[in-house]
>>> print(open('structure.tsv').read())   # TSV, C-alpha atoms and all ligand atoms
chain	number	residue	atom	x	y	z
A	1386	MET	CA	-111.76	-73.20	105.62
A	1387	LYS	CA	-108.35	-72.17	104.46
A	1388	LEU	CA	-105.43	-70.54	106.24
A	1389	LYS	CA	-102.67	-68.54	104.57
A	1390	ILE	CA	-99.33	-68.81	106.33
A	1391	LEU	CA	-96.67	-66.22	105.62
A	1392	HIS	CA	-93.20	-67.74	106.00
A	1393	LEU	CA	-90.62	-64.96	106.24
A	1394	TYR	CA	-87.26	-65.53	104.53
A	1395	PRO	CA	-87.21	-69.35	104.50
A	1396	LYS	CA	-83.81	-69.34	102.76
A	1397	GLU	CA	-81.98	-66.89	105.00
A	1398	MET	CA	-83.72	-67.48	108.32
A	1399	ASN	CA	-83.87	-71.19	109.00
A	1400	LEU	CA	-81.73	-72.60	111.79
A	1401	TYR	CA	-81.96	-75.81	113.82
A	1402	GLY	CA	-85.06	-77.10	112.10
A	1403	ASP	CA	-87.09	-73.86	112.14
A	1404	HIS	CA	-88.71	-74.86	108.84
A	1405	GLY	CA	-90.29	-77.78	110.73
A	1406	ASN	CA	-92.56	-75.24	112.43
A	1407	VAL	CA	-94.28	-74.48	109.14
A	1408	LEU	CA	-94.66	-78.20	108.44
A	1409	ALA	CA	-96.22	-78.67	111.88
A	1410	ILE	CA	-98.79	-75.91	111.27
A	1411	VAL	CA	-99.67	-77.29	107.83
A	1412	LYS	CA	-99.95	-80.90	109.07
A	1413	ARG	CA	-102.10	-80.07	112.09
A	1414	CYS	CA	-104.40	-78.13	109.74
A	1415	GLU	CA	-104.54	-80.96	107.19
A	1416	TRP	CA	-105.23	-83.61	109.83
A	1417	ARG	CA	-108.37	-81.62	110.68
A	1418	GLY	CA	-109.45	-81.03	107.10
A	1419	ILE	CA	-108.35	-77.36	107.15
A	1420	LYS	CA	-106.55	-76.22	103.99
A	1421	ALA	CA	-103.24	-74.44	104.52
A	1422	GLU	CA	-101.28	-72.47	101.95
A	1423	VAL	CA	-97.72	-71.34	102.63
A	1424	ILE	CA	-96.51	-68.08	101.10
A	1425	GLU	CA	-92.75	-67.91	101.19
A	1426	HIS	CA	-91.55	-64.33	101.40
A	1427	GLU	CA	-88.09	-63.55	100.02
A	1428	PRO	CA	-86.52	-60.07	99.62
A	1429	GLY	CA	-88.41	-58.08	96.97
A	1430	ASP	CA	-91.66	-60.04	97.22
A	1431	ILE	CA	-94.97	-58.35	97.97
A	1432	ILE	CA	-96.96	-59.53	100.97
A	1433	PRO	CA	-100.65	-60.29	100.33
A	1434	ASN	CA	-103.26	-58.55	102.48
A	1435	ASP	CA	-105.05	-61.71	103.59
A	1436	ILE	CA	-102.48	-63.43	105.76
A	1437	ASP	CA	-103.75	-65.56	108.68
A	1438	ILE	CA	-100.52	-66.67	110.40
A	1439	ILE	CA	-97.00	-65.21	110.29
A	1440	PHE	CA	-93.88	-67.29	110.95
A	1441	GLY	CA	-90.19	-66.34	110.89
A	1442	GLY	CA	-87.12	-68.31	111.98
A	1443	GLY	CA	-83.58	-67.62	113.14
A	1444	GLY	CA	-80.37	-66.90	111.30
A	1445	GLN	CA	-76.71	-66.03	111.56
A	1446	ASP	CA	-75.77	-62.35	112.00
A	1447	SER	CA	-74.73	-62.25	108.31
A	1448	ASN	CA	-78.15	-63.47	107.19
A	1449	GLN	CA	-79.92	-61.03	109.47
A	1450	ASN	CA	-77.85	-58.39	107.70
A	1451	ARG	CA	-78.95	-59.69	104.31
A	1452	ILE	CA	-82.65	-59.29	105.02
A	1453	GLU	CA	-82.37	-56.00	106.92
A	1454	ASP	CA	-83.31	-53.73	103.97
A	1455	ASP	CA	-86.29	-55.80	102.90
A	1456	LEU	CA	-87.49	-56.15	106.48
A	1457	ARG	CA	-87.41	-52.37	106.83
A	1458	LYS	CA	-89.67	-52.13	103.77
A	1459	ILE	CA	-92.22	-54.69	104.91
A	1460	GLY	CA	-91.97	-53.74	108.62
A	1461	PRO	CA	-94.98	-51.37	108.64
A	1462	LYS	CA	-97.19	-53.98	107.00
A	1463	LEU	CA	-96.05	-56.67	109.46
A	1464	LYS	CA	-96.73	-54.23	112.30
A	1465	GLU	CA	-100.28	-53.71	111.04
A	1466	PHE	CA	-100.84	-57.48	111.04
A	1467	VAL	CA	-99.46	-57.91	114.56
A	1468	GLU	CA	-101.37	-54.92	115.94
A	1469	ALA	CA	-104.57	-56.31	114.42
A	1470	GLY	CA	-104.00	-59.59	116.31
A	1471	THR	CA	-102.66	-61.87	113.58
A	1472	PRO	CA	-101.17	-64.95	115.26
A	1473	THR	CA	-97.42	-64.67	114.79
A	1474	LEU	CA	-94.43	-66.75	115.84
A	1475	VAL	CA	-90.89	-65.42	115.43
A	1476	ILE	CA	-87.82	-67.33	116.52
A	1477	CYS	CA	-84.39	-66.05	117.58
A	1478	GLY	CA	-82.98	-64.00	114.64
A	1479	LEU	CA	-86.39	-62.71	113.57
A	1480	TYR	CA	-87.55	-62.37	117.18
A	1481	GLN	CA	-84.60	-59.99	117.63
A	1482	LEU	CA	-85.45	-58.09	114.43
A	1483	PHE	CA	-89.14	-57.75	115.30
A	1484	GLY	CA	-87.66	-55.60	118.09
A	1485	ASN	CA	-85.92	-52.25	117.74
A	1486	TYR	CA	-82.39	-53.38	116.86
A	1487	PHE	CA	-79.70	-56.04	117.25
A	1488	GLU	CA	-76.14	-54.93	117.93
A	1489	THR	CA	-73.80	-57.73	116.83
A	1490	GLY	CA	-70.52	-58.81	118.42
A	1491	ASP	CA	-68.72	-56.74	115.72
A	1492	GLY	CA	-70.49	-53.64	116.99
A	1493	GLN	CA	-72.72	-53.47	113.93
A	1494	ARG	CA	-76.29	-52.33	114.45
A	1495	ILE	CA	-78.96	-54.20	112.49
A	1496	GLU	CA	-82.20	-52.24	112.54
A	1497	GLY	CA	-85.37	-54.08	113.47
A	1498	THR	CA	-89.00	-53.36	112.65
A	1499	GLY	CA	-89.83	-51.93	116.08
A	1500	ILE	CA	-92.99	-54.03	116.20
A	1501	LEU	CA	-91.93	-55.23	119.64
A	1502	ASN	CA	-90.46	-52.77	122.10
A	1503	LEU	CA	-87.26	-54.67	122.88
A	1504	HIS	CA	-83.63	-54.55	121.88
A	1505	THR	CA	-80.76	-57.00	121.68
A	1506	VAL	CA	-77.01	-56.57	122.14
A	1507	ALA	CA	-74.51	-59.41	121.64
A	1508	GLY	CA	-72.77	-60.66	124.78
A	1509	ASN	CA	-69.24	-62.06	125.03
A	1510	SER	CA	-70.23	-65.70	124.77
A	1511	ARG	CA	-72.98	-67.63	123.02
A	1512	LEU	CA	-75.90	-68.98	125.02
A	1513	ILE	CA	-76.24	-72.54	123.78
A	1514	GLY	CA	-78.15	-75.59	124.94
A	1515	ASN	CA	-81.45	-77.26	125.65
A	1516	ILE	CA	-84.01	-75.02	127.28
A	1517	VAL	CA	-87.22	-75.54	129.21
A	1518	ILE	CA	-89.55	-72.72	130.13
A	1519	ASP	CA	-92.84	-72.33	131.91
A	1520	ALA	CA	-95.23	-70.29	129.80
A	1521	PRO	CA	-98.60	-68.94	130.95
A	1522	LYS	CA	-101.42	-70.64	129.00
A	1523	PHE	CA	-99.05	-73.27	127.53
A	1524	GLY	CA	-97.32	-74.76	130.57
A	1525	GLU	CA	-93.96	-76.41	130.01
A	1526	VAL	CA	-92.37	-75.51	126.65
A	1527	VAL	CA	-89.16	-77.15	125.46
A	1528	GLY	CA	-86.60	-76.23	122.80
A	1529	TYR	CA	-82.99	-75.51	121.92
A	1530	GLU	CA	-81.24	-72.14	121.96
A	1531	ASN	CA	-78.05	-70.81	120.38
A	1532	HIS	CA	-77.59	-67.05	120.34
A	1533	SER	CA	-75.07	-64.35	121.10
A	1534	GLY	CA	-77.77	-61.72	121.51
A	1535	LEU	CA	-78.96	-60.66	124.96
A	1536	THR	CA	-82.47	-59.30	124.79
A	1537	GLN	CA	-84.07	-56.73	127.10
A	1538	LEU	CA	-87.81	-56.26	126.99
A	1539	GLY	CA	-89.11	-52.70	127.04
A	1540	GLU	CA	-91.46	-51.52	129.76
A	1541	GLY	CA	-94.84	-53.18	129.90
A	1542	LEU	CA	-93.89	-56.13	127.69
A	1543	GLU	CA	-94.64	-59.57	129.03
A	1544	ALA	CA	-92.18	-62.44	128.62
A	1545	PHE	CA	-93.34	-65.57	126.81
A	1546	GLY	CA	-92.27	-67.65	129.79
A	1547	THR	CA	-89.96	-68.11	132.75
A	1548	VAL	CA	-86.74	-70.09	132.30
A	1549	GLN	CA	-86.63	-73.41	134.19
A	1550	LYS	CA	-83.48	-74.69	132.47
A	1551	GLY	CA	-81.27	-72.72	130.06
A	1552	PHE	CA	-80.65	-69.03	129.44
A	1553	GLY	CA	-83.61	-67.36	127.70
A	1554	ASN	CA	-83.58	-63.66	126.80
A	1555	ASN	CA	-80.35	-62.74	128.53
A	1556	GLY	CA	-79.33	-65.44	131.02
A	1557	LYS	CA	-80.01	-63.06	133.93
A	1558	ASP	CA	-83.64	-62.18	134.56
A	1559	HIS	CA	-85.13	-65.65	133.84
A	1560	ALA	CA	-87.40	-64.14	131.19
A	1561	GLU	CA	-87.76	-66.01	127.92
A	1562	GLY	CA	-89.17	-64.47	124.78
A	1563	VAL	CA	-92.07	-62.09	124.56
A	1564	ARG	CA	-95.83	-62.24	124.28
A	1565	TYR	CA	-97.54	-59.26	122.67
A	1566	LYS	CA	-101.17	-59.53	121.51
A	1567	ASN	CA	-101.15	-62.79	119.50
A	1568	CYS	CA	-97.44	-62.54	118.68
A	1569	ILE	CA	-94.94	-64.84	120.35
A	1570	GLY	CA	-91.23	-64.11	120.06
A	1571	THR	CA	-88.87	-66.74	121.46
A	1572	TYR	CA	-85.31	-68.07	121.35
A	1573	LEU	CA	-86.57	-71.66	121.14
A	1574	HIS	CA	-85.45	-73.51	118.04
A	1575	GLY	CA	-85.76	-77.24	117.91
A	1576	PRO	CA	-88.11	-76.80	116.06
A	1577	ILE	CA	-90.46	-75.63	118.80
A	1578	LEU	CA	-93.89	-76.49	117.33
A	1579	PRO	CA	-93.75	-80.25	116.65
A	1580	LYS	CA	-92.92	-80.98	120.29
A	1581	ASN	CA	-95.11	-78.23	121.78
A	1582	PRO	CA	-98.38	-78.81	119.89
A	1583	LYS	CA	-100.39	-76.52	122.20
A	1584	ILE	CA	-98.59	-73.56	120.64
A	1585	THR	CA	-99.28	-74.80	117.10
A	1586	ASP	CA	-102.96	-75.15	117.98
A	1587	PHE	CA	-103.02	-71.69	119.55
A	1588	LEU	CA	-101.83	-70.24	116.20
A	1589	ILE	CA	-104.37	-72.26	114.20
A	1590	GLN	CA	-107.29	-71.64	116.55
A	1591	THR	CA	-106.63	-67.89	116.80
A	1592	ALA	CA	-106.35	-67.65	113.01
A	1593	LEU	CA	-109.68	-69.47	112.52
A	1594	GLU	CA	-111.40	-67.35	115.17
A	1595	ARG	CA	-110.21	-64.15	113.51
A	1596	GLN	CA	-111.36	-65.39	110.11
A	1597	SER	CA	-114.80	-66.41	111.34
A	1598	LYS	CA	-115.09	-63.40	113.70
A	1599	THR	CA	-116.10	-65.60	116.64
A	1600	ASP	CA	-114.28	-66.96	119.63
A	1601	LYS	CA	-116.13	-70.23	119.52
A	1602	ILE	CA	-113.85	-72.36	117.35
A	1603	LYS	CA	-113.18	-75.75	118.92
A	1604	LEU	CA	-110.32	-77.59	117.26
A	1605	GLN	CA	-110.74	-81.29	116.67
A	1606	LYS	CA	-108.57	-83.23	119.13
A	1607	LEU	CA	-105.60	-85.07	117.61
A	1608	ASP	CA	-103.66	-88.08	118.80
A	1609	ASP	CA	-100.59	-86.35	120.25
A	1610	ARG	CA	-98.79	-89.38	121.66
A	1611	ILE	CA	-95.76	-88.96	119.37
A	1612	GLU	CA	-95.59	-85.20	119.99
A	1613	ASN	CA	-95.89	-85.66	123.75
A	1614	ASN	CA	-93.20	-88.32	123.69
A	1615	ALA	CA	-90.86	-86.00	121.76
A	1616	HIS	CA	-91.64	-83.32	124.34
A	1617	SER	CA	-90.70	-85.51	127.32
A	1618	VAL	CA	-87.52	-86.79	125.68
A	1619	ALA	CA	-86.43	-83.20	124.95
A	1620	THR	CA	-87.32	-82.07	128.48
A	1621	SER	CA	-85.24	-84.82	130.06
A	1622	ARG	CA	-82.07	-83.81	128.19
A	1623	PRO	CA	-79.37	-82.05	130.17
A	1624	GLN	CA	-78.79	-78.39	129.40
B	1701	LIG	N1	-77.45	-64.16	115.07
B	1701	LIG	C1	-78.28	-64.05	116.22
B	1701	LIG	C2	-77.51	-64.30	117.49
B	1701	LIG	O1	-76.48	-64.93	117.46
B	1701	LIG	C3	-79.46	-65.02	116.11
B	1701	LIG	C4	-79.06	-66.46	116.15
B	1701	LIG	C5	-80.18	-67.43	115.93
B	1701	LIG	O2	-81.16	-67.14	115.22
B	1701	LIG	N2	-80.04	-68.65	116.43
B	1701	LIG	O3	-77.94	-63.88	118.54
>>> encode(input="structure.tsv", output="structure tokens")
Amino acid sequence: MKLKILHLYPKEMNLYGDHGNVLAIVKRCEWRGIKAEVIEHEPGDIIPNDIDIIFGGGGQDSNQNRIEDDLRKIGPKLKEFVEAGTPTLVICGLYQLFGNYFETGDGQRIEGTGILNLHTVAGNSRLIGNIVIDAPKFGEVVGYENHSGLTQLGEGLEAFGTVQKGFGNNGKDHAEGVRYKNCIGTYLHGPILPKNPKITDFLIQTALERQSKTDKIKLQKLDDRIENNAHSVATSRPQ
């Protein structure tokens, strides 16, 4: 068994420990004897056809700008993967750009891939702090957010979770992130996966099930005491 993880723009899109998400996926594979290969995609690279998991992190407006042209080129291929059910996790800056567009505080419009029917417009202040959400299937999810963008989900799109503490998509409707097929978009940095191992395992399990064309994969249980401890410490922090 081997999983290929596509890591989008690790140089440009990597805020508040986002890279740790890739490490978490690789480690939880290795601990179970599953091989994991990471393919780092930078502007100009060609994406292989046999990708099992897609991950992309957050970035400053200027870095989102830097990857805009390349993202437009690879957008249709990424859309095919997501539509086919490839497990995908995109955080903050790339969550925004998996949507239709992000309008920055300078009034500049950065085009997204349109994979997710949502759009983002910068507000007057940044939404910063620790965040806890309640997510169907995963329960309590904890992380850290720092964004100017206010995101509105298009009709029919389901949020990833409901905000318990923090701001989420826009600080108003209590929605956080998006869930579309096997793609999760979220504002939660932190990084999110090491302290929310259920989400890591969802990505791994879904990838293995798609590869083996069954829904009968049972992941070996791991000792998650350290992860669960990190989760509770993060949850108990004030916003
Ligand atoms: N630049 C975007 C914003 O400020 C995304 C920031 C991020 O990825 N943390 O909304």
>>> residues_near_ligand(input="structure.tsv", ligand="ligand LIG 1701 (chain B)", cutoff="8 Å", atoms="all atoms listed in the file", output="VMD selection string")
chain A and resid 1398 to 1401 1442 to 1449 1476 to 1479 1481 1489 1507 1511 1530 to 1535 1572 1574
>>> closest_residue(input="structure.tsv", among="A:Lys1550, A:Gly1429, A:Gly1528, A:Arg1595", to="Lys1458 in chain A", atoms="only C-alpha atoms")
A:Gly1429
>>> residues_around(input="structure.tsv", residues="Ala1520 in chain A", least_positions_apart="3", cutoff="7 Å", atoms="only C-alpha atoms", output="JSON, numbers by chain")
{"A": [1523, 1524, 1525, 1526, 1545, 1546, 1547]}
>>> closest_residue(input="structure.tsv", among="A:Ile1518, A:Leu1604, A:Val1548, A:Ala1409", to="Pro1582 in chain A", atoms="all atoms listed in the file")
A:Ala1409
>>> atom_distance(input="structure.tsv", atom1="CA of Glu1543 in chain A", atom2="CA of Pro1579 in chain A")
24.1 Å
>>> closest_residue(input="structure.tsv", among="A:Val1506, A:Ile1424, A:Leu1456, A:Ala1619", to="Gly1490 in chain A", atoms="all atoms listed in the file")
A:Val1506
>>> axis_aligned_box(input="structure.tsv", around="range 1482-1498 of chain A", padding_each_side="4 Å", output="AutoDock Vina command-line options")
--center_x -78.9 --center_y -55.5 --center_z 115.5 --size_x 28.4 --size_y 14.6 --size_z 13.9
>>> closest_residue(input="structure.tsv", among="A:Cys1414, A:Leu1588, A:Val1407, A:Ile1452", to="Tyr1394 in chain A", atoms="all atoms listed in the file")
A:Ile1452
>>> residues_around(input="structure.tsv", residues="Ser1621 in chain A", least_positions_apart="6", cutoff="12 Å", atoms="only C-alpha atoms", output="ChimeraX atom specification")
/A:1515-1517,1527-1528,1550,1614-1615
>>> atom_distance(input="structure.tsv", atom1="CA of Glu1415 in chain A", atom2="CA of Lys1387 in chain A")
10.0 Å
>>> atom_distance(input="structure.tsv", atom1="CA of Ile1410 in chain A", atom2="CA of Ile1390 in chain A")
8.7 Å
>>> residues_around(input="structure.tsv", residues="Ile1589 in chain A", least_positions_apart="5", cutoff="9 Å", atoms="only C-alpha atoms", output="ChimeraX atom specification")
/A:1388,1410,1413-1414,1437-1438,1472,1584,1594,1604
>>> closest_residue(input="structure.tsv", among="A:Leu1542, A:Ala1592, A:Ile1459, A:Gly1575", to="Ala1560 in chain A", atoms="all atoms listed in the file")
A:Leu1542
>>> closest_residue(input="structure.tsv", among="A:Lys1522, A:His1559, A:Lys1396, A:His1504", to="Gln1537 in chain A", atoms="only C-alpha atoms")
A:His1504
>>> residues_around(input="structure.tsv", residues="Leu1501 in chain A", least_positions_apart="6", cutoff="10 Å", atoms="all atoms listed in the file", output="list in words")
Lys1464, Val1467, Tyr1480, Gln1481, Leu1482, Phe1483, Gly1484, Asn1485, Leu1538, Gly1539, Leu1542, Val1563, Arg1564, Tyr1565, Cys1568 and Gly1570 of chain A
>>> residues_around(input="structure.tsv", residues="Ser1617 in chain A", least_positions_apart="5", cutoff="10 Å", atoms="all atoms listed in the file", output="list in words")
Val1527, Lys1580, Glu1612 and Arg1622 of chain A
